Each structure stands twice: as C-alpha cells, then as structure tokens.
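The next block is model32.cif, given as mmCIF, C-alpha atoms.
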data_query
loop_
_atom_site.label_atom_id
_atom_site.label_comp_id
_atom_site.auth_asym_id
_atom_site.auth_seq_id
_atom_site.Cartn_x
_atom_site.Cartn_y
_atom_site.Cartn_z
CA ILE A 1 39.42 37.94 86.51
CA HIS A 2 37.48 35.68 84.13
CA GLU A 3 36.44 38.75 82.09
CA ILE A 4 40.07 39.89 81.70
CA MET A 5 41.31 36.48 80.58
CA ARG A 6 38.63 35.89 77.94
CA PRO A 7 39.67 36.66 74.31
CA ALA A 8 38.69 40.09 72.91
CA ALA A 9 36.18 38.56 70.49
CA ALA A 10 34.45 36.79 73.39
CA ARG A 11 34.31 40.02 75.46
CA GLN A 12 32.13 41.86 72.96
CA LYS A 13 29.04 43.50 74.41
CA ALA A 14 25.77 41.61 74.24
CA SER A 15 24.35 44.26 71.89
CA ASP A 16 27.32 43.92 69.46
CA LYS A 17 26.60 41.33 66.80
CA TYR A 18 29.01 39.15 64.81
CA VAL A 19 27.98 36.63 62.22
CA GLY A 20 30.78 34.77 60.50
CA GLU A 21 33.71 32.42 60.68
CA GLN A 22 35.75 31.93 63.85
CA LYS A 23 38.93 30.20 64.89
CA LYS A 24 39.78 29.58 68.54
CA GLN A 25 36.84 31.79 69.60
CA LEU A 26 38.18 34.74 67.58
CA ARG A 27 36.69 36.32 64.47
CA HIS A 28 38.70 34.69 61.66
CA GLY A 29 37.80 34.45 57.96
CA TYR A 30 34.78 36.26 56.53
CA GLY A 31 32.28 37.90 58.85
CA VAL A 32 29.92 40.79 59.52
CA TYR A 33 30.21 42.77 62.75
CA THR A 34 27.63 45.37 63.82
CA TYR A 35 28.76 47.64 66.64
CA GLU A 36 26.52 48.52 69.58
CA ASN A 37 26.57 52.25 68.81
CA LYS A 38 25.07 51.60 65.33
CA PHE A 39 27.60 54.05 63.87
CA PHE A 40 29.79 51.28 62.41
CA ARG A 41 29.24 48.02 60.58
CA TYR A 42 32.10 45.99 59.15
CA GLU A 43 31.80 43.35 56.44
CA GLY A 44 34.93 41.51 55.40
CA GLN A 45 37.97 39.48 56.27
CA TRP A 46 39.21 38.89 59.82
CA GLU A 47 42.39 37.39 61.19
CA ASN A 48 42.84 36.48 64.86
CA GLY A 49 40.03 38.81 65.96
CA LEU A 50 41.18 41.83 63.92
CA LYS A 51 39.97 43.28 60.63
CA HIS A 52 42.59 42.02 58.16
CA GLY A 53 42.39 41.74 54.38
CA HIS A 54 39.64 43.17 52.18
CA GLY A 55 36.63 44.70 53.90
CA LYS A 56 33.99 47.41 53.95
CA LEU A 57 33.36 49.68 56.93
CA LEU A 58 29.94 51.32 56.74
CA LEU A 59 29.13 54.47 58.71
CA SER A 60 25.73 55.75 59.82
CA ASP A 61 26.19 59.03 57.89
CA ARG A 62 26.08 56.97 54.63
CA GLY A 63 29.83 57.20 54.29
CA TYR A 64 32.02 54.13 53.97
CA TYR A 65 35.51 52.80 53.38
CA GLU A 66 36.16 49.79 51.18
CA GLY A 67 39.62 48.37 50.77
CA THR A 68 42.51 46.86 52.66
CA PHE A 69 42.78 46.46 56.42
CA VAL A 70 45.99 45.38 58.17
CA ARG A 71 45.82 44.19 61.80
CA GLY A 72 42.69 46.25 62.48
CA GLU A 73 43.82 49.45 60.72
CA ILE A 74 42.78 50.99 57.40
CA GLU A 75 46.04 50.48 55.54
CA GLY A 76 47.01 50.18 51.86
CA HIS A 77 44.72 50.89 48.91
CA GLY A 78 41.06 51.73 49.30
CA TYR A 79 38.06 53.87 48.43
CA ARG A 80 36.43 56.25 50.93
CA VAL A 81 33.14 58.12 50.62
CA PHE A 82 32.55 60.93 53.12
CA GLY A 83 28.82 60.76 53.86
CA VAL A 84 28.14 64.30 55.06
CA SER A 85 30.10 66.18 52.37
CA GLY A 86 29.67 63.69 49.51
CA SER A 87 33.40 63.84 48.76
CA SER A 88 35.31 60.71 47.78
CA TYR A 89 38.91 59.47 47.77
CA SER A 90 40.49 56.58 45.93
CA GLY A 91 44.09 55.80 46.76
CA GLN A 92 46.55 54.86 49.46
CA PHE A 93 45.93 55.01 53.22
CA CYS A 94 48.14 54.74 56.27
CA ARG A 95 46.51 54.13 59.67
CA GLY A 96 43.21 55.46 58.35
CA GLU A 97 44.62 58.69 56.88
CA LEU A 98 44.95 59.66 53.22
CA HIS A 99 48.64 58.93 52.68
CA GLY A 100 50.49 58.20 49.43
CA GLN A 101 49.06 58.66 45.94
CA GLY A 102 45.35 59.28 45.53
CA LEU A 103 42.45 61.03 43.84
CA PHE A 104 40.13 63.21 45.96
CA ARG A 105 36.88 64.61 44.55
CA THR A 106 34.46 66.98 46.26
CA ALA A 107 30.72 67.03 45.60
CA GLY A 108 31.22 70.63 44.43
CA GLY A 109 33.45 69.59 41.53
CA GLU A 110 36.98 70.18 42.87
CA GLN A 111 39.44 67.39 42.16
CA TYR A 112 42.99 66.76 43.41
CA GLU A 113 45.16 63.94 42.13
CA GLY A 114 48.58 63.53 43.64
CA SER A 115 50.59 62.97 46.76
CA TRP A 116 49.16 62.97 50.32
CA VAL A 117 50.95 62.92 53.68
CA HIS A 118 48.88 62.35 56.84
CA GLY A 119 45.66 63.62 55.25
CA LYS A 120 47.13 66.72 53.57
CA LYS A 121 48.16 67.55 50.00
CA GLU A 122 51.94 67.32 50.11
CA GLY A 123 54.34 66.96 47.17
CA SER A 124 53.36 66.89 43.49
CA GLY A 125 49.77 67.04 42.35
CA ILE A 126 47.13 68.40 39.98
CA LEU A 127 44.27 70.48 41.37
CA THR A 128 41.26 71.11 39.12
CA GLU A 129 38.74 73.67 40.42
CA PRO A 130 35.00 73.77 39.61
CA ASP A 131 35.48 76.86 37.39
CA GLY A 132 37.95 74.94 35.18
CA SER A 133 41.16 76.43 36.64
CA VAL A 134 43.98 73.90 36.85
CA TYR A 135 47.14 73.96 38.96
CA GLU A 136 49.91 71.44 38.39
CA GLY A 137 52.89 71.54 40.69
CA GLU A 138 54.10 71.28 44.26
CA PHE A 139 52.00 71.42 47.44
CA HIS A 140 52.80 71.83 51.11
CA ASP A 141 50.26 71.64 53.94
CA ASN A 142 47.30 71.66 51.48
CA ARG A 143 48.55 74.81 49.66
CA ARG A 144 50.36 75.56 46.42
CA HIS A 145 53.99 75.77 47.50
CA GLY A 146 57.11 75.42 45.35
CA GLU A 147 57.15 75.38 41.55
CA GLY A 148 53.89 75.16 39.67
CA VAL A 149 51.79 76.15 36.69
CA GLN A 150 48.32 77.66 37.19
CA ILE A 151 45.93 77.96 34.24
CA TYR A 152 43.05 80.25 35.22
CA SER A 153 39.50 79.92 33.90
CA ASN A 154 39.89 83.20 31.95
CA GLY A 155 42.83 81.74 29.98
CA ASP A 156 45.66 83.47 31.90
CA GLN A 157 48.60 81.22 32.83
CA TYR A 158 51.17 81.64 35.60
CA ASP A 159 54.33 79.53 35.58
CA GLY A 160 56.63 80.04 38.56
CA ASP A 161 57.18 79.95 42.30
CA TRP A 162 54.50 79.72 45.00
CA VAL A 163 54.71 80.20 48.77
CA LEU A 164 51.81 79.19 51.03
CA GLY A 165 49.23 79.42 48.25
CA LYS A 166 50.37 82.73 46.71
CA ARG A 167 52.56 83.63 43.70
CA HIS A 168 55.87 84.47 45.36
CA GLY A 169 59.39 84.52 43.91
CA HIS A 170 60.12 84.37 40.17
CA GLY A 171 57.29 83.72 37.75
CA MET A 172 55.83 84.47 34.35
CA LEU A 173 52.19 85.46 33.83
CA ARG A 174 50.86 85.11 30.29
CA CYS A 175 47.49 86.84 30.01
CA ALA A 176 44.83 85.74 27.54
CA ASN A 177 44.99 89.25 25.96
CA GLY A 178 48.66 88.70 25.01
CA THR A 179 50.28 90.66 27.88
CA ILE A 180 53.26 88.90 29.50
CA TYR A 181 54.89 89.76 32.82
CA ASP A 182 58.14 87.99 33.64
CA GLY A 183 59.67 88.87 36.98
CA GLN A 184 59.38 88.87 40.75
CA TRP A 185 56.23 88.31 42.80
CA ARG A 186 55.44 88.84 46.44
CA GLY A 187 52.22 87.80 48.18
CA GLY A 188 50.46 87.22 44.85
CA VAL A 189 51.29 90.60 43.19
CA TYR A 190 54.08 92.02 40.99
CA HIS A 191 57.05 93.03 43.14
CA GLY A 192 60.60 94.09 42.36
CA GLU A 193 62.28 93.56 39.01
CA GLY A 194 60.29 92.38 36.04
CA SER A 195 59.34 93.16 32.45
CA ILE A 196 56.02 93.51 30.64
#

Starting from the coordinates I provided, produce the structure as structure tokens.
Amino acid sequence: IHEIMRPAAARQKASDKYVGEQKKQLRHGYGVYTYENKFFRYEGQWENGLKHGHGKLLLSDRGYYEGTFVRGEIEGHGYRVFGVSGSSYSGQFCRGELHGQGLFRTAGGEQYEGSWVHGKKEGSGILTEPDGSVYEGEFHDNRRHGEGVQIYSNGDQYDGDWVLGKRHGHGMLRCANGTIYDGQWRGGVYHGEGSI
C-alpha cells in the first residue's frame, strides 16, 4: 500500500537517476533523468513530475528530439534526428508524431517540406528527390495525390492530376525535347483523349 500511495517521482527504480530541481517530492524545474534501460536520457524542464517545457530526449542509437514537451508528451515545435537512418525533421509534433508543418530530410538527399498528419505526408508539400526531381502539390498517405507539378531530372514537366503516386486524370506533359501531350492519364501512362 505504501508503494501505491507514494508519488510517481518517488517510485522510480533505484537504477533510474534524476538530478535536478524538485517540488513536493516531484521533478519540477530543470533536471536530468537517466532511465534504467539506458535507451533514454532526458534533459530539460519538468512540471509536477512530467516533462513539460523545453527539453532534449537522447536515445541510445544517437538519435534525439529537442523541443517542446507538454504534460509528458512530445508536443508543439521541435527537431528530431533519427539515429539509425540519419534522417532529420524540424517542425510540428502531436503526441510524438510528425504532425503539422515541417521539413524532413533523409541522409540520402531526399527532402519534403509541407504538411504532415500522424506521421504521414498529407496535404500540400514540396518533395525534392536526390536526382534533382521536384514535385510540388498535394499528398495523401505519403503519396502524390491530387493536383501537382512534377519537374523530372531530365527536364520534362508534368502538370496535372495524381492518384496514389501515379499520373491519373487530366494532365499536361512538356518534354525537354519540345513534345507536349495534353490529355488523359491512367496509372501513369497516356490513356483516352489527348493531343500531342
């Protein structure tokens, strides 16, 4: 019974370590907390025993998050480095997920700047690929979906409709050699009425 009634901060395991300010036996103010499993270490602001305010969560894979915490959750604006992949994200978060406006960069050179919903590209954005290709338009479930303009690395440009990552619907393809196709597309290829 005594264990259940003690505050959460006081119930931490003997191998967990906290060094910092406290208020009423709870972590409160600035402090550093090292978790028993050695996978996490948090440096930053606390309020009533919860991460709250600006802080940095360090991970054993050399990744980290630095930014805003609200009542123990990654929430608001922050910067995240993914240790294994080397990718990074700067932008808005909701409950630890990429959510809102943000810029995501991969170690391989791909970059996406735009809208995120629950960790996925959703809404308007600009995707720049390592080969120099650029897509500006709508996304759904991490794919080009809706209206958008794709400029390919060879100089070709497509301006039109996309469905689940493929040219689909009405669109115009202007090739670098001067050829223009204006018409219908299906599954990424010419389909139906159109003119060259």

*Expand the PyMOL selection byres ((chain A and resi 143) around 8) into the individual residues it matches in the shown file, reporting them as a list in words.*
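Expected selection for the PyMOL selection byres ((chain A and resi 143) around 8) here is Lys121, Phe139, His140, Asp141, Asn142, Arg144, His145, Leu164 and Gly165 of chain A.
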
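What the PyMOL selection byres ((chain A and resi 104-115) around 9) matches in the given file is A:Ser85, A:Gly86, A:Ser87, A:Ser88, A:Tyr89, A:Ser90, A:Gly91, A:His99, A:Gly100, A:Gln101, A:Gly102, A:Leu103, A:Trp116, A:Val117, A:Lys120, A:Lys121, A:Glu122, A:Gly123, A:Ser124, A:Gly125, A:Ile126, A:Leu127, A:Thr128, A:Glu129, A:Pro130, A:Asp131, A:Phe139.
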
*May I ask for the distance between CA of Asp16 (chain A) and CA of Asn48 (chain A), given in Å to one decimal place?*
17.8 Å

*Could you pull the residues within 10 Å of region 184-189 of chain A, counting all atoms listed in the file, minus those fewer than 3 positions along the same chain, as a ChimeraX atom specification?*
/A:160-172,181,192-195

*Can you tell me, as a ChimeraX atom specification, what residues are no more than 10 Å from Ile196 (chain A) when counting only C-alpha atoms, ignoring any on the same chain fewer than 3 positions away?*
/A:172-174,179-183

*Atom pair CA of Gly20 (chain A) / CA of Tyr33 (chain A): separation (Å)*: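 Atom-to-atom, CA of Gly20 (chain A) to CA of Tyr33 (chain A), that is 8.3 Å.
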
*Between A:Gln45, A:Ser153, A:Gln22, A:Gln92, single out the one closest to Gly78 (chain A), counting all atoms listed in the file.*
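Ranking A:Gln45, A:Ser153, A:Gln22, A:Gln92 by distance to Gly78 (chain A), first place goes to A:Gln92.
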
Selected by the PyMOL selection byres ((chain A and resi 157) around 9) in the shown coordinates: which residues, as an mmCIF file with C-alpha atoms, in the frame of the given file?
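The file below, expr-v3.cif, is the result:
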data_model
loop_
_atom_site.group_PDB
_atom_site.id
_atom_site.type_symbol
_atom_site.label_atom_id
_atom_site.label_comp_id
_atom_site.auth_asym_id
_atom_site.auth_seq_id
_atom_site.Cartn_x
_atom_site.Cartn_y
_atom_site.Cartn_z
ATOM 1 C CA VAL A 149 51.790 76.150 36.690
ATOM 2 C CA GLN A 150 48.320 77.660 37.190
ATOM 3 C CA ILE A 151 45.930 77.960 34.240
ATOM 4 C CA TYR A 152 43.050 80.250 35.220
ATOM 5 C CA ASN A 154 39.890 83.200 31.950
ATOM 6 C CA GLY A 155 42.830 81.740 29.980
ATOM 7 C CA ASP A 156 45.660 83.470 31.900
ATOM 8 C CA TYR A 158 51.170 81.640 35.600
ATOM 9 C CA ASP A 159 54.330 79.530 35.580
ATOM 10 C CA MET A 172 55.830 84.470 34.350
ATOM 11 C CA LEU A 173 52.190 85.460 33.830
ATOM 12 C CA ARG A 174 50.860 85.110 30.290
ATOM 13 C CA CYS A 175 47.490 86.840 30.010
ATOM 14 C CA ALA A 176 44.830 85.740 27.540
#

*asked:* Need to verify the contact set: Arg41 (chain A), 6 Å, all atoms listed in the file, exclusion of same-chain residues closer than 3 positions in sequence. Can you return it as a PyMOL selection string?
replied: chain A and resi 33-34+57-58

*Calculate how many Å separate CA of Lys51 (chain A) from CA of Glu75 (chain A), rounding to one decimal.*
10.7 Å

*asked:* Report as number ranges by chain all protein, DNA and RNA residues lying within 7 Å of region 93-97 of chain A, evaluated on only C-alpha atoms, omitting residues in the same chain fewer than 3 positions from it.
replied: A: 73-77, 100, 118-119

*Could you give me, as a PyMOL selection string, the residues within 9 Å of Gly31 (chain A), counting only C-alpha atoms and dropping anything in the same chain fewer than 6 positions from it?*
chain A and resi 18-22+42-46
